[in-house]
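Q: This is the structure I want to talk about, given as structure tokens.
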Amino acid sequence: MKLHSALNDVKRSRGDSRRFPGERRSTSGLFSGLDDRLVHVAPDGSVRDYSYPVSGLVGIEKSRFGVELGNGTHWLEGGQQRYVGDTAVVETVHRIDSEPSSDPVTLVQHDVTVGRLHLTHFELEGTDGTDSPSEPSIHACLGFAPEGRVGRTGQLRHEDVVEIYHDRERDFVAASTPLEVAGQVPPNFEELLDEEPVEFPRPDAAGRYEETSLSPIAMLEVTLTGDDPSATVATLLADASDGDRLEALERVRAGVADHSDRETILEVGRTQARGLLGAGDTSSTVGNGTIGDAVDDLRTLALLRGSNGSRIAGPEFDPFFRYSGGYGYTWFRDDAEIASFLLAADRRADLGLEEWHRRSARFYVETQLEDGTWPHRVWPHNGEIAPGWANGRLEQGSAGVDYQADQTASVATYLATYLRVVDDEDEDADVRAALVSALDGLDDTLEDDGLPERVQNAWENMTGRFTHTAATYLEAYAAIARAPLADEYRERALEGAREIYEGIDALWVPERGCYGLRLDDGDLDDRLDGSTFALAGAHAEYDAVPDLAVDDDRLARLRSHLETTVDGLYRDPDGPIEGLARFEDDPWRVSDQGEPKVWTVTTAWGAHAAAELSELLAARDQEGAAEFDERARDLLALVEPGGQLRRDGEYLPEQLFDDGTADSATPLGWPHALRLATATALSEANANEVDAEAQADGPAVQD
């Protein structure tokens with residue numbers, strides 16, 4: 001998003017308490033792109049790239065489409081959208097009043113992104129030749145930002161292809177039918193400062209050839225041909241290092257030639273989905289309990305994933321970092337948690353995600369620092385350090401507070417589990433070496449009192465000695481103690497797990513019956529915090545170690561903690577939604593609402609924690625298992641496909657206002673993985689219960 005687009009949004013957002021001005025929101029519309037390009041399709045049919053994090057290329061900054069019929073050009077507005085089947089093909093249906101006295105015309109748009117090629121196919125329905133000229137056409141206004149530049153760009157017109165370029169990035173546009181090309185002059189300073197937004201397309205360039213040749217905006221008229229008038233528009237993002245210009249021209253020409261009709265668009269989407277959404281049954285069941293359709297979650301997570309297996313936290317909605325620190329990066333916390341949840345779900349439901357697991361392991365090995373830890377965040381497309389504020393372990397002389405230790409712990413947990421459950425002998429040596437180095441990193445940041453040192457928290461808004469960080473260390477040490485490593489490393493991990501287990505007692509708040517948020521300079525911050533749900537999974541992992549066990553007193557505290565935290569963070573405001581807040585008195589992005597917003601990640605996390613604790617209690621034959629199972633199912637229902645907190649495309653946004661307005665990163669990967677892991681866990685528990693009841697009843701009597 002460039003400055004003029006941000007200023008336009010500022011002008012349009014004035015007075016709207018549910019919009020933070022200057023953002024590029026994805027809270028409506030759908031994404032396509034299961035490879036290394038991510039393209040958003042808005043309800044009005046406009047497309048925009050969110051591709052830089054996963055490809056290193058910027059692409060389309062803004063666009064607008066219209067259709068010319070017998071009574072002029074109709075610029076597309078809101079349409080009805082859906083995904084076509086299990087694919088990432090986006091269908092947008094536009095109803096157009098071609099004449100006041102005639103029936104509306106239907107324009108059906110299909111978008112799919114394959115590799116770095118994006119295809120937009122238009123097809124007119126219901127024209128019968130009377131309400132439109134013999135050759136209706138699509139008008140496409142496309143504004144690019146190669147390498148993030150809207151100035152010092154150039155256009156080359158290669159007969160049937162337009163190229164927009166700056167230096168190394170080259171963006172191409174072609175069509176499957178005849179097209180005409182015109183230039184667009186970018187807005188001047190006076191227009192940018194005007195109170196009204198600048199609308200596109202703009203008036204004719206009036207012969208200002210040199211300005212349109214240096215503009216990143218192209219205006220195309222594309223003829224719709226055939227019995228059902230149709231055409232395909234393709235855009236291709238290319239890097240100079242990918243090959244010469246002629247090769248890119250051939251690729252984009254082949255793209256429109258090979259996908260000139262609806263069926264070829266749909267087929268390429270089906271082929272892509274089969275190759276990237278896992279080889280298993282994504283609508284699978286576990287025993288007698290359904291997990292629901294997993295495609296929605298897997299598709300979302302695939303959209304956010306780069307070709308190397310890393311994932312962005314969410315599409316970048318705040319490119320000027322006006323209200324956040326950005327989202328279009330790979331955080332090792334989010335990514336490793338997602339990887340662990342997917343591994344657990346895959347083992348329960350056979351989703352066919354083995355290649356996903358392998359890529360995650362390779363990525364973590366390649367990005368580990370020399371001291372065994374992982375940095376704050378990296379660029380997904382190349383694993384290089386990205387701008388951040390928690391890279392203290394990279395800075396010479398740093399005291400270490402600016403470090404998010406839970407990220408390293410989350411990766412260590414994944415690698416340990418991966419080694420234990422995935423057969424990958426060719427890469428075992430590298431993964432084992434990384435895990436041993438991670439153990440060194442954990443030991444180096446564990447204090448003598450059994451708690452991690454003072455660091456930044458999971459929400460990235462405080463420093464202290466956090467319950468959540470301690471929980472991630474407990475889980476990591478316990479997972480390493482179960483991993484196929486040499487005895488000396490497993491013994492070290494076992495000792496670390498015992499130390500953390502004892503150290504967590506210092507975070508207990510007896511007056512509230514819960515674990516506090518953090519120790520801050522020796523003082524216990526007793527606020528309820530959703531990230532402390534991590535305690536349930538950490539203790540489940542601890543209890544799975546043969547030489548360790550969660551004692552009854554700790555189980556009683558975990559029960560009290562989870563009950564208190566879920567009840568205390570639960571919000572059921574007047575409106576269409578309910579769910580869990582992030583932590584007590586959370587002030588972030590509440591605008592004029594006053595109360596903390598509902599977060600999907602804490603709601604899904606609460607469901608997952610309740611399910612884990614239910615299983616732990618049931619294994620000990622202790623009271624409360626059924627109660628927590630019910631809590632888990634109630635919370636899960638809010639984030640299930642079709643649940644209150646789902647939005648367009650079954651996406652889970654990071655946050656929602658009380659009136660149901662989605663806000664912030666949409667979709668956010670973390671809650672999707674949590675949702676899937678929880679659904680499979682509850683389904684497996686239900687199947688086990690059914691099997692146990694059947695065995696208790698004895699074999700059926702045969703006639």
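Ligands are numbered from 1 in the order shown, chains are lettered A, B, ... in the order of the structure tokens, and residues start at 1 in each chain.
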Could you pull out the helix (DSSP H, G or I) residues of segment 474-568 of chain A, going by DSSP on the backbone, and write them as a ChimeraX atom specification?
A: /A:474-482,487-507,530-544,552-568
Q: Set the distance at 8 Å and use only C-alpha atoms: which residues neighbour Thr417 of chain A once local chain neighbours fewer than 6 positions away are removed? I'd like the list as a VMD selection string.
A: chain A and resid 340 479 to 480 483
Q: Please write the residues from the selection above to a file, keeping all heavy atoms, as a CSV table (one decimal), in the first residue's frame.
A:
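File written: out.csv
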chain,number,residue,atom,x,y,z
A,340,SER,N,2.8,-27.5,15.0
A,340,SER,CA,2.5,-28.5,16.1
A,340,SER,C,1.0,-28.9,16.0
A,340,SER,O,0.7,-30.1,16.1
A,340,SER,CB,2.9,-28.0,17.4
A,340,SER,OG,4.3,-27.9,17.6
A,479,ALA,N,9.0,-32.3,25.8
A,479,ALA,CA,9.0,-32.9,24.5
A,479,ALA,C,10.4,-33.4,24.1
A,479,ALA,O,10.5,-34.5,23.5
A,479,ALA,CB,8.5,-31.9,23.5
A,480,ILE,N,11.4,-32.6,24.5
A,480,ILE,CA,12.8,-33.0,24.2
A,480,ILE,C,13.1,-34.3,25.0
A,480,ILE,O,13.8,-35.2,24.5
A,480,ILE,CB,13.8,-31.9,24.6
A,480,ILE,CG1,13.5,-30.7,23.6
A,480,ILE,CG2,15.2,-32.4,24.4
A,480,ILE,CD1,14.3,-29.5,24.0
A,483,ALA,N,12.1,-37.2,23.0
A,483,ALA,CA,12.6,-37.2,21.6
A,483,ALA,C,13.7,-38.3,21.5
A,483,ALA,O,14.3,-38.6,22.5
A,483,ALA,CB,13.1,-35.9,21.2
Q: What's the separation between atom CA of Ile164 of chain A and atom CA of Ala140 of chain A, in Å to one decimal place?
A: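 Between atom CA of Ile164 of chain A and atom CA of Ala140 of chain A the gap is 14.9 Å.
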Q: List every residue of segment 398-485 of chain A that DSSP, applied to the backbone, labels as strand (DSSP E or B), and write the result as a ChimeraX atom specification.
A: /A:403,446,452,455-456,463-466
Q: Create the file for the chosen residues now, containing all heavy atoms and written as an mmCIF file, in the first residue's frame.
A:
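Result file is out10.cif:
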data_model
loop_
_atom_site.group_PDB
_atom_site.id
_atom_site.type_symbol
_atom_site.label_atom_id
_atom_site.label_comp_id
_atom_site.auth_asym_id
_atom_site.auth_seq_id
_atom_site.Cartn_x
_atom_site.Cartn_y
_atom_site.Cartn_z
ATOM 1 N N TYR A 403 13.793 -10.064 23.829
ATOM 2 C CA TYR A 403 13.841 -11.416 23.266
ATOM 3 C C TYR A 403 12.549 -12.107 23.657
ATOM 4 O O TYR A 403 12.082 -11.987 24.790
ATOM 5 C CB TYR A 403 15.058 -12.165 23.823
ATOM 6 C CG TYR A 403 15.070 -13.659 23.585
ATOM 7 C CD1 TYR A 403 14.959 -14.188 22.304
ATOM 8 C CD2 TYR A 403 15.214 -14.551 24.652
ATOM 9 C CE1 TYR A 403 14.983 -15.560 22.089
ATOM 10 C CE2 TYR A 403 15.245 -15.925 24.446
ATOM 11 C CZ TYR A 403 15.126 -16.420 23.160
ATOM 12 O OH TYR A 403 15.152 -17.776 22.948
ATOM 13 N N LEU A 446 17.204 -19.970 31.259
ATOM 14 C CA LEU A 446 16.461 -20.455 32.422
ATOM 15 C C LEU A 446 17.204 -20.032 33.687
ATOM 16 O O LEU A 446 18.392 -20.320 33.851
ATOM 17 C CB LEU A 446 16.324 -21.975 32.368
ATOM 18 C CG LEU A 446 15.483 -22.625 33.476
ATOM 19 C CD1 LEU A 446 14.022 -22.210 33.358
ATOM 20 C CD2 LEU A 446 15.609 -24.149 33.408
ATOM 21 N N PRO A 452 11.944 -18.889 33.247
ATOM 22 C CA PRO A 452 12.730 -18.180 32.241
ATOM 23 C C PRO A 452 13.043 -16.765 32.694
ATOM 24 O O PRO A 452 12.313 -16.162 33.500
ATOM 25 C CB PRO A 452 11.815 -18.177 31.014
ATOM 26 C CG PRO A 452 10.874 -19.319 31.235
ATOM 27 C CD PRO A 452 10.662 -19.377 32.720
ATOM 28 N N VAL A 455 11.792 -11.399 29.775
ATOM 29 C CA VAL A 455 11.749 -11.310 28.315
ATOM 30 C C VAL A 455 10.455 -10.590 27.907
ATOM 31 O O VAL A 455 9.679 -10.148 28.752
ATOM 32 C CB VAL A 455 11.774 -12.717 27.666
ATOM 33 C CG1 VAL A 455 13.119 -13.388 27.882
ATOM 34 C CG2 VAL A 455 10.637 -13.590 28.214
ATOM 35 N N GLN A 456 10.246 -10.501 26.591
ATOM 36 C CA GLN A 456 8.973 -9.992 26.081
ATOM 37 C C GLN A 456 7.941 -11.113 26.047
ATOM 38 O O GLN A 456 8.284 -12.290 25.965
ATOM 39 C CB GLN A 456 9.145 -9.406 24.682
ATOM 40 C CG GLN A 456 9.974 -8.133 24.640
ATOM 41 C CD GLN A 456 10.013 -7.537 23.243
ATOM 42 O OE1 GLN A 456 9.300 -7.967 22.333
ATOM 43 N NE2 GLN A 456 10.860 -6.536 23.056
ATOM 44 N N THR A 463 7.150 -6.624 29.168
ATOM 45 C CA THR A 463 8.281 -7.464 29.552
ATOM 46 C C THR A 463 8.037 -7.980 30.967
ATOM 47 O O THR A 463 7.272 -7.387 31.732
ATOM 48 C CB THR A 463 9.615 -6.700 29.506
ATOM 49 O OG1 THR A 463 9.548 -5.594 30.426
ATOM 50 C CG2 THR A 463 9.903 -6.186 28.109
ATOM 51 N N GLY A 464 8.666 -9.071 31.296
ATOM 52 C CA GLY A 464 8.495 -9.668 32.614
ATOM 53 C C GLY A 464 8.860 -11.141 32.547
ATOM 54 O O GLY A 464 9.490 -11.615 31.604
ATOM 55 N N ARG A 465 8.433 -11.850 33.569
ATOM 56 C CA ARG A 465 8.654 -13.296 33.637
ATOM 57 C C ARG A 465 7.265 -13.936 33.619
ATOM 58 O O ARG A 465 6.564 -13.983 34.622
ATOM 59 C CB ARG A 465 9.454 -13.646 34.886
ATOM 60 C CG ARG A 465 10.737 -12.832 34.987
ATOM 61 C CD ARG A 465 11.573 -13.231 36.177
ATOM 62 N NE ARG A 465 12.172 -14.557 35.948
ATOM 63 C CZ ARG A 465 12.730 -15.283 36.919
ATOM 64 N NH1 ARG A 465 12.735 -14.840 38.185
ATOM 65 N NH2 ARG A 465 13.274 -16.447 36.643
ATOM 66 N N PHE A 466 6.889 -14.394 32.443
ATOM 67 C CA PHE A 466 5.493 -14.695 32.136
ATOM 68 C C PHE A 466 5.136 -16.158 32.365
ATOM 69 O O PHE A 466 5.940 -17.066 32.127
ATOM 70 C CB PHE A 466 5.197 -14.325 30.672
ATOM 71 C CG PHE A 466 5.330 -12.861 30.399
ATOM 72 C CD1 PHE A 466 6.521 -12.339 29.920
ATOM 73 C CD2 PHE A 466 4.276 -12.007 30.642
ATOM 74 C CE1 PHE A 466 6.653 -10.982 29.673
ATOM 75 C CE2 PHE A 466 4.398 -10.645 30.403
ATOM 76 C CZ PHE A 466 5.597 -10.129 29.916
#
Q: Rounded to one decimal in Å, what is the spacing between atom CA of Glu627 of chain A and atom CA of Ala471 of chain A?
A: 23.1 Å
Q: Could you give me, as JSON lines, a per-residue list for segment 564-604 of chain A showing, wherever an atom lies at most 12 Å from an atom of segment 323-332 of chain A, the closest pair of atoms and their distance in Å to one decimal, using only C-alpha atoms and sorting by chain then residue number from low to high?
A:
{"residue": "A:Trp588", "atom": "CA", "partner": "A:Tyr323", "partner_atom": "CA", "distance": 9.1}
{"residue": "A:Arg589", "atom": "CA", "partner": "A:Tyr323", "partner_atom": "CA", "distance": 7.9}
{"residue": "A:Val590", "atom": "CA", "partner": "A:Tyr323", "partner_atom": "CA", "distance": 11.6}
{"residue": "A:Ser591", "atom": "CA", "partner": "A:Tyr323", "partner_atom": "CA", "distance": 11.5}
Q: Between atom CA of Arg490 of chain A and atom CA of Ala429 of chain A, what is the distance, to one decimal in Å?
A: 16.1 Å
Q: Return the single residue from A:Phe321, A:Ser5, A:Leu303, A:Thr235 that is closest to Pro387 of chain A, with distances computed using only C-alpha atoms.
A: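 Checking each candidate against Pro387 of chain A, we get A:Phe321 as the closest.
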Q: Extract, using only C-alpha atoms, all DNA, RNA and protein residues at most 8 Å from Ala611 of chain A, discarding same-chain residues fewer than 6 positions from it, and format them as a list in words.
A: Phe628, Asp629, Ala632, Thr678, Ala681 and Leu682 of chain A
Q: Just want the 6 Å neighbourhood of segment 82-89 of chain A, counted on only C-alpha atoms, with same-chain residues fewer than 3 positions away dropped. Output as a PyMOL selection string.
A: chain A and resi 32+111-112+269-270+273
Q: Could you pull the residues within 6 Å of segment 43-47 of chain A, counting only C-alpha atoms, minus those fewer than 3 positions along the same chain, as a PyMOL selection string?
A: chain A and resi 29+40+63-64+76-79
Q: List the neighbours of segment 238-242 of chain A out to 6 Å using only C-alpha atoms; skip same-chain residues closer than 2 positions along the sequence, and give me the result as a tab-separated table (two decimals) with N, CA and C atoms, in the first residue's frame.
A:
chain	number	residue	atom	x	y	z
A	168	ARG	N	14.37	-4.58	-10.67
A	168	ARG	CA	14.38	-6.04	-10.85
A	168	ARG	C	12.99	-6.62	-11.01
A	169	GLU	N	11.94	-5.96	-10.42
A	169	GLU	CA	10.59	-6.52	-10.53
A	169	GLU	C	9.93	-6.06	-11.81
A	170	ARG	N	9.34	-7.05	-12.51
A	170	ARG	CA	8.64	-6.79	-13.75
A	170	ARG	C	7.25	-7.39	-13.66
Q: With only C-alpha atoms as the counted atoms, please give the residues lying no more than 9 Å from Gly151 of chain A, apart from itself and same-chain residues fewer than 3 positions off, as JSON, numbers by chain.
A: {"A": [145, 154, 166, 214, 215, 216]}
Q: Rank nothing, just name the residue among A:Ala581, A:Leu415, A:Ala6, A:Ala618 nearest to Ala476 of chain A, using only C-alpha atoms.
A: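 Answer, going by the shortest atom-to-atom distance: A:Leu415.
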Q: Name the closest residue to Phe533 of chain A among the candidates A:Arg620, A:Arg582, A:Arg245, A:Arg498; distances are taken between atoms, counting only C-alpha atoms.
A: A:Arg582
Q: Between A:Arg559, A:His608, A:Arg95, A:Arg149, which residue has the minimum interatomic distance to Gly530 of chain A, considering only C-alpha atoms?
A: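 Smallest separation from Gly530 of chain A among the options: A:His608.
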Q: Determine the nearest neighbour of Arg262 of chain A from the options A:Ala231, A:Ala434, A:Ala175, A:Val550, counting only C-alpha atoms.
A: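 That would be A:Ala231, the residue with the smallest distance to Arg262 of chain A.
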